[in-house]
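Below: work00.csv (CSV, C-alpha atoms)
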```csv
chain,number,residue,atom,x,y,z
A,1,MET,CA,84.7,113.4,86.0
A,2,THR,CA,85.3,112.9,82.2
A,3,ILE,CA,84.9,116.6,81.6
A,4,LEU,CA,87.5,117.4,84.4
A,5,PHE,CA,90.1,115.1,83.0
A,6,THR,CA,89.4,116.4,79.5
A,7,LEU,CA,90.2,119.9,80.7
A,8,ILE,CA,93.3,118.6,82.5
A,9,LEU,CA,94.4,117.0,79.2
A,10,ILE,CA,94.0,120.3,77.4
A,11,LEU,CA,96.0,122.1,80.0
A,12,LEU,CA,98.8,119.4,79.7
A,13,PHE,CA,99.0,120.2,75.9
A,14,ILE,CA,99.2,123.9,76.3
A,15,ASN,CA,101.6,124.0,79.3
A,16,PRO,CA,104.6,121.7,78.3
A,17,ASN,CA,107.1,123.8,80.3
A,18,ILE,CA,105.2,123.3,83.5
A,19,ILE,CA,105.0,119.6,82.9
A,20,ALA,CA,108.8,119.4,82.1
A,21,ASN,CA,109.7,121.3,85.3
A,22,GLN,CA,107.5,119.3,87.6
A,23,VAL,CA,108.7,116.0,86.1
A,24,LEU,CA,112.3,117.0,86.8
A,25,GLU,CA,111.4,118.3,90.3
A,26,SER,CA,109.6,115.1,91.1
A,27,ILE,CA,112.5,112.9,90.0
A,28,ASN,CA,114.8,115.2,92.1
A,29,LEU,CA,112.7,114.8,95.2
A,30,TRP,CA,112.4,111.0,94.6
A,31,ILE,CA,116.1,110.6,94.3
A,32,LYS,CA,117.1,112.9,97.2
A,33,ILE,CA,114.3,112.2,99.7
A,34,LEU,CA,112.1,109.2,98.9
A,35,ILE,CA,114.7,106.7,97.9
A,36,PRO,CA,117.1,107.3,100.8
A,37,SER,CA,114.3,107.3,103.4
A,38,LEU,CA,111.9,104.7,102.0
A,39,TYR,CA,113.7,102.2,99.8
A,40,PRO,CA,116.1,100.9,102.5
A,41,SER,CA,113.1,100.7,104.9
A,42,LEU,CA,111.2,98.4,102.5
A,43,ILE,CA,114.1,96.0,102.2
A,44,CYS,CA,114.8,96.0,105.9
A,45,ILE,CA,111.1,95.2,106.6
A,46,ASP,CA,111.3,92.2,104.3
A,47,ILE,CA,114.4,90.9,106.1
A,48,ILE,CA,113.2,91.6,109.7
A,49,SER,CA,109.7,90.2,109.1
A,50,ASN,CA,111.3,86.8,108.3
A,51,SER,CA,113.5,86.8,111.5
A,52,LYS,CA,112.8,84.3,114.3
A,53,LEU,CA,114.0,86.9,116.8
A,54,LEU,CA,110.9,89.0,115.9
A,55,THR,CA,108.5,86.5,117.6
A,56,LYS,CA,110.4,86.6,120.9
A,57,ILE,CA,110.6,90.4,121.1
A,58,THR,CA,107.0,91.0,120.2
A,59,ASN,CA,105.7,88.4,122.7
A,60,ILE,CA,107.6,90.2,125.5
A,61,ILE,CA,106.2,93.7,124.8
A,62,HIS,CA,102.8,92.7,123.4
A,63,PRO,CA,100.9,92.8,126.7
A,64,VAL,CA,101.6,96.5,127.1
A,65,PHE,CA,100.7,97.3,123.6
A,66,ARG,CA,97.5,95.2,123.8
A,67,LYS,CA,96.3,97.3,126.7
A,68,ILE,CA,97.2,100.7,125.1
A,69,PHE,CA,96.1,100.1,121.5
A,70,ASN,CA,93.5,97.3,121.9
A,71,ILE,CA,95.3,95.0,119.5
A,72,ASN,CA,94.9,91.2,119.4
A,73,SER,CA,97.8,89.6,117.6
A,74,SER,CA,101.4,90.1,119.0
A,75,TYR,CA,102.5,90.6,115.4
A,76,SER,CA,100.5,93.8,115.4
A,77,THR,CA,102.9,95.1,118.1
A,78,PHE,CA,105.8,94.7,115.7
A,79,ILE,CA,103.7,96.4,112.9
A,80,ILE,CA,103.0,99.4,115.2
A,81,ILE,CA,106.6,99.9,116.1
A,82,LEU,CA,107.8,99.7,112.5
A,83,SER,CA,105.0,102.0,111.3
A,84,TYR,CA,106.5,104.8,113.3
A,85,ILE,CA,110.1,104.0,112.2
A,86,CYS,CA,109.6,103.1,108.5
A,87,GLY,CA,106.3,104.8,107.8
A,88,ALA,CA,103.8,104.3,105.0
A,89,PRO,CA,103.7,102.8,102.4
A,90,ALA,CA,106.4,100.5,103.9
A,91,SER,CA,104.2,99.7,106.8
A,92,THR,CA,101.3,99.1,104.4
A,93,LYS,CA,103.3,96.4,102.7
A,94,LEU,CA,104.1,94.8,106.0
A,95,ILE,CA,100.5,94.7,107.0
A,96,LEU,CA,99.5,93.2,103.7
A,97,ASN,CA,102.1,90.4,104.2
A,98,ALA,CA,101.0,89.8,107.7
A,99,LYS,CA,97.4,89.4,106.6
A,100,ASN,CA,98.2,87.1,103.7
A,101,ASN,CA,100.3,84.9,106.1
A,102,ASN,CA,97.5,84.7,108.6
A,103,LYS,CA,99.5,86.5,111.3
A,104,ILE,CA,96.7,89.1,111.8
A,105,SER,CA,93.1,89.1,111.0
A,106,GLY,CA,91.7,91.0,108.0
A,107,PHE,CA,89.7,93.3,110.3
A,108,GLU,CA,92.7,94.2,112.4
A,109,ALA,CA,94.8,94.7,109.3
A,110,ASP,CA,92.3,97.2,108.0
A,111,ASN,CA,92.3,99.1,111.3
A,112,LEU,CA,96.1,99.2,111.4
A,113,ILE,CA,96.1,100.7,108.0
A,114,TYR,CA,93.6,103.4,109.1
A,115,CYS,CA,95.3,104.2,112.4
A,116,PHE,CA,99.0,103.6,112.0
A,117,SER,CA,99.8,104.9,108.6
A,118,ASN,CA,102.5,107.5,109.3
A,119,LEU,CA,105.5,109.1,107.6
A,120,SER,CA,108.8,107.5,108.4
A,121,LEU,CA,111.0,108.7,111.3
A,122,PRO,CA,113.9,109.7,108.9
A,123,PHE,CA,111.5,111.6,106.7
A,124,THR,CA,109.9,113.3,109.7
A,125,ILE,CA,113.3,114.4,111.1
A,126,PHE,CA,114.3,115.6,107.6
A,127,ILE,CA,111.1,117.7,107.3
A,128,LEU,CA,110.8,119.1,110.8
A,129,LYS,CA,114.4,119.5,111.9
A,130,ASP,CA,113.1,120.3,115.4
A,131,TYR,CA,113.1,117.6,118.0
A,132,LYS,CA,110.5,119.3,120.1
A,133,LEU,CA,108.1,119.3,117.2
A,134,ILE,CA,108.9,115.7,116.4
A,135,LEU,CA,108.1,114.7,120.0
A,136,ILE,CA,104.8,116.6,119.8
A,137,TYR,CA,103.9,115.0,116.5
A,138,TYR,CA,104.6,111.4,117.7
A,139,PHE,CA,102.9,112.1,121.1
A,140,CYS,CA,99.7,113.4,119.4
A,141,SER,CA,99.8,110.6,116.8
A,142,MET,CA,100.0,107.8,119.5
A,143,LEU,CA,97.3,109.4,121.6
A,144,ILE,CA,94.9,109.6,118.6
A,145,SER,CA,95.9,106.0,117.4
A,146,ALA,CA,95.2,104.6,120.9
A,147,LEU,CA,91.8,106.4,121.1
A,148,LEU,CA,90.7,105.3,117.6
A,149,MET,CA,91.9,101.6,118.0
A,150,ASN,CA,90.0,101.4,121.3
A,151,ILE,CA,86.9,102.5,119.5
A,152,ILE,CA,87.0,100.6,116.2
A,153,ASN,CA,89.0,97.5,116.8
A,154,LYS,CA,87.2,94.4,118.2
A,155,LYS,CA,88.7,92.3,120.9
A,156,GLN,CA,89.5,88.7,120.0
A,157,GLU,CA,91.0,86.0,122.2
A,158,ILE,CA,92.5,84.1,119.3
A,159,ASN,CA,96.2,84.9,118.5
A,160,LEU,CA,96.8,84.4,114.9
A,161,LEU,CA,100.6,84.7,115.1
A,162,THR,CA,102.4,81.7,113.7
A,163,GLN,CA,106.1,80.8,114.0
A,164,ASN,CA,108.2,82.4,111.3
A,165,ASN,CA,110.0,79.9,109.0
A,166,GLN,CA,113.6,81.0,108.5
A,167,ILE,CA,114.3,81.8,104.8
A,168,ASP,CA,117.7,82.2,103.2
A,169,PHE,CA,118.9,85.8,103.7
A,170,ILE,CA,120.3,86.1,100.2
A,171,SER,CA,117.0,85.0,98.6
A,172,ILE,CA,115.0,87.5,100.7
A,173,PHE,CA,117.5,90.3,100.0
A,174,LEU,CA,117.6,89.8,96.2
A,175,SER,CA,113.8,89.3,95.9
A,176,SER,CA,113.2,92.4,98.0
A,177,ILE,CA,115.4,94.6,95.8
A,178,LYS,CA,113.6,93.6,92.7
A,179,LYS,CA,110.0,93.9,93.9
A,180,ASN,CA,110.5,97.2,95.8
A,181,ILE,CA,112.0,98.9,92.8
A,182,GLU,CA,108.6,98.5,91.1
A,183,LEU,CA,106.9,99.9,94.2
A,184,MET,CA,109.2,102.9,94.2
A,185,LEU,CA,108.5,103.6,90.5
A,186,ASN,CA,104.7,103.5,91.3
A,187,ILE,CA,105.3,106.1,94.1
A,188,LEU,CA,107.3,108.3,91.7
A,189,GLY,CA,104.4,108.1,89.2
A,190,ILE,CA,101.9,109.2,91.8
A,191,VAL,CA,104.0,112.1,93.1
A,192,MET,CA,104.7,113.2,89.6
A,193,PHE,CA,101.0,113.2,88.6
A,194,PHE,CA,100.0,115.2,91.6
A,195,ARG,CA,102.7,117.8,91.3
A,196,ILE,CA,101.8,118.4,87.6
A,197,ILE,CA,98.1,118.7,88.4
A,198,ILE,CA,98.7,121.0,91.4
A,199,ASN,CA,100.9,123.4,89.4
A,200,LEU,CA,98.5,123.4,86.4
A,201,ILE,CA,95.3,124.1,88.3
A,202,LEU,CA,96.1,125.6,91.7
A,203,PRO,CA,97.5,129.1,92.4
A,204,ASN,CA,101.1,129.6,93.6
A,205,ASN,CA,101.6,129.2,97.3
A,206,PHE,CA,98.3,127.4,97.7
A,207,ILE,CA,97.7,126.9,101.4
A,208,GLY,CA,96.4,123.4,101.0
A,209,TYR,CA,99.3,122.1,98.8
A,210,SER,CA,100.7,119.8,101.5
A,211,TYR,CA,97.2,118.2,102.1
A,212,ILE,CA,97.3,117.0,98.5
A,213,GLU,CA,101.0,116.2,97.9
A,214,ILE,CA,102.8,116.3,101.2
A,215,LEU,CA,106.4,115.9,100.0
A,216,GLY,CA,106.4,119.2,98.0
A,217,GLY,CA,103.9,121.0,100.1
A,218,ILE,CA,105.6,120.7,103.5
A,219,THR,CA,109.0,121.8,102.0
A,220,SER,CA,107.3,125.0,100.7
A,221,THR,CA,105.9,126.3,104.0
A,222,ASN,CA,107.2,127.3,107.5
A,223,ASN,CA,103.8,127.2,109.1
A,224,LYS,CA,104.1,124.7,112.0
A,225,PHE,CA,100.3,124.1,112.2
A,226,ILE,CA,100.1,123.2,108.5
A,227,ILE,CA,103.2,121.0,108.7
A,228,LEU,CA,102.0,119.0,111.7
A,229,SER,CA,98.4,118.7,110.6
A,230,SER,CA,99.7,117.6,107.1
A,231,LEU,CA,101.8,114.9,108.8
A,232,GLY,CA,98.6,113.6,110.4
A,233,PHE,CA,96.5,113.8,107.3
A,234,LEU,CA,99.4,112.4,105.1
A,235,GLY,CA,98.1,113.9,101.9
A,236,ILE,CA,96.0,112.5,99.1
A,237,SER,CA,99.2,111.4,97.3
A,238,ILE,CA,100.2,109.1,100.2
A,239,HIS,CA,96.6,107.8,100.5
A,240,LEU,CA,96.9,106.6,96.9
A,241,GLN,CA,100.3,105.0,97.6
A,242,ILE,CA,98.7,103.1,100.4
A,243,LEU,CA,95.7,102.1,98.3
A,244,SER,CA,98.0,100.9,95.5
A,245,ILE,CA,99.3,98.3,97.9
A,246,TYR,CA,96.4,97.5,100.2
A,247,LYS,CA,92.7,97.8,99.3
A,248,VAL,CA,90.7,99.4,102.1
A,249,LYS,CA,87.6,101.6,102.0
A,250,CYS,CA,88.7,104.9,100.6
A,251,TYR,CA,86.1,107.0,102.5
A,252,LYS,CA,87.0,105.4,105.8
A,253,LEU,CA,90.7,106.1,105.3
A,254,LEU,CA,90.0,109.7,104.3
A,255,LEU,CA,87.6,110.1,107.3
A,256,ILE,CA,90.1,108.8,109.9
A,257,ARG,CA,93.0,110.9,108.4
A,258,LEU,CA,90.7,113.9,108.7
A,259,ILE,CA,90.2,113.0,112.4
A,260,TYR,CA,94.0,113.0,112.8
A,261,LEU,CA,94.2,116.4,111.2
A,262,ILE,CA,91.4,117.9,113.4
A,263,LEU,CA,92.6,116.3,116.7
A,264,GLY,CA,96.1,117.2,115.8
A,265,PHE,CA,95.1,120.9,115.7
A,266,VAL,CA,93.3,120.5,119.0
A,267,PHE,CA,96.3,119.0,120.7
A,268,LEU,CA,98.6,121.7,119.2
A,269,LEU,CA,96.4,124.5,120.5
A,270,ASN,CA,96.6,123.1,124.0
A,271,ILE,CA,100.4,122.5,124.1
```
Starting from the file, give its structure as structure tokens.
Amino acid sequence: MTILFTLILILLFINPNIIANQVLESINLWIKILIPSLYPSLICIDIISNSKLLTKITNIIHPVFRKIFNINSSYSTFIIILSYICGAPASTKLILNAKNNNKISGFEADNLIYCFSNLSLPFTIFILKDYKLILIYYFCSMLISALLMNIINKKQEINLLTQNNQIDFISIFLSSIKKNIELMLNILGIVMFFRIIINLILPNNFIGYSYIEILGGITSTNNKFIILSSLGFLGISIHLQILSIYKVKCYKLLLIRLIYLILGFVFLLNI
């Protein structure tokens, strides 16, 4: 590993133009795509998760979600819904907060990370621009999530959901703005690092680009199979963004995302 990073360091010194171009492109993607699709979602999650209305809504629809996804806490229902709307790493942050506040168990929190880490709906629409493909993607994702959760998640009769204490809206809003700026900068750093490494080491039009850095990879291909399977796998860059917020077993996250990739191909071939 030391030798590998030493070689990368040498390449960084002898290819300053590549580094400069990828830094600028990363910032451009961050400003035009990531901030509009992710940053507002992070703030909305902070506000919604402190709403009393949340408890009432999730309690109504939880019995259905419990049967489909084999979840225990009614708060997990809320997490699943937002995971498809806001996507990871916004949903990752929500899961961490729920675990820390004893709204879900640590075991279920881990499984929600593994099975419900998705890209946000706005980002998916921006990438696919095809509502048929979007429906196929979400249909396949929900089927795989339901299958995996029924296999790996243990049933518990104890509901850990506690009543939300209403907190001042302005306090939540201002606090959320400050802490989510730091998270967005971390994400920019990860995206920038991977784009530089990919362009230094890998050949142009590398077919596996989107499986490493999904943001740039998906926008550079028109292959629907690669696009949809990449959405299932998420890309190593997104994996690291998730792990920067919530610590789970790396090998298990990678394995389950590979299952999404493979089963996604199987579903696509039969649709």
Name the residues in contact with segment 19-33 of chain A at a cut-off of 9 Å, using all atoms listed in the file, excluding same-chain residues fewer than 3 positions from it; report them as a ChimeraX atom specification.
-> /A:12,15-16,36-38,123,126,184,187-189,191-193,195-197,199-200,215-216
Give as JSON, numbers by chain the set of residues within 12 Å of the point (102.6, 101.6, 103.9), where distances use the file's coordinates and only C-alpha atoms.
-> {"A": [38, 39, 41, 42, 45, 79, 80, 82, 83, 84, 85, 86, 87, 88, 89, 90, 91, 92, 93, 94, 95, 96, 97, 109, 110, 112, 113, 114, 115, 116, 117, 118, 119, 120, 183, 184, 187, 234, 238, 239, 240, 241, 242, 243, 244, 245, 246, 247]}
A:Leu121, A:Ile43, A:Ile256, A:Leu147 ranked by distance to Lys179 of chain A, top pick (using only C-alpha atoms) = A:Ile43
Which is closer to Leu263 of chain A than all the others in A:Ile68, A:Pro40, A:Ser229, A:Asn153, using only C-alpha atoms?
->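 Comparing A:Ile68, A:Pro40, A:Ser229, A:Asn153 against Leu263 of chain A, the winner is A:Ser229.
Straight-line separation from atom CA of Leu202 of chain A to atom CA of Ile127 of chain A: 23.0 Å.
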Within 10 Å of file point (99.3, 122.3, 110.2), counting all atoms listed in the file, expressed as a PyMOL selection string = chain A and resi 208+210-211+218+221-233+261-262+264-265+268
Atom CA of Leu258 of chain A and atom CA of Leu185 of chain A are how many Å apart?
->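 Atom CA of Leu258 of chain A sits 27.5 Å away from atom CA of Leu185 of chain A.
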Atom CA of Leu54 of chain A to atom CA of Tyr260 of chain A: how many Å, to one decimal?
-> 29.5 Å
Given the choices A:Ile170, A:Ile14, A:Ile177, A:Leu148, which gets closest to Ile259 of chain A if the distance is worked out from only C-alpha atoms?
->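 Closest residue, counting only C-alpha atoms: A:Leu148.
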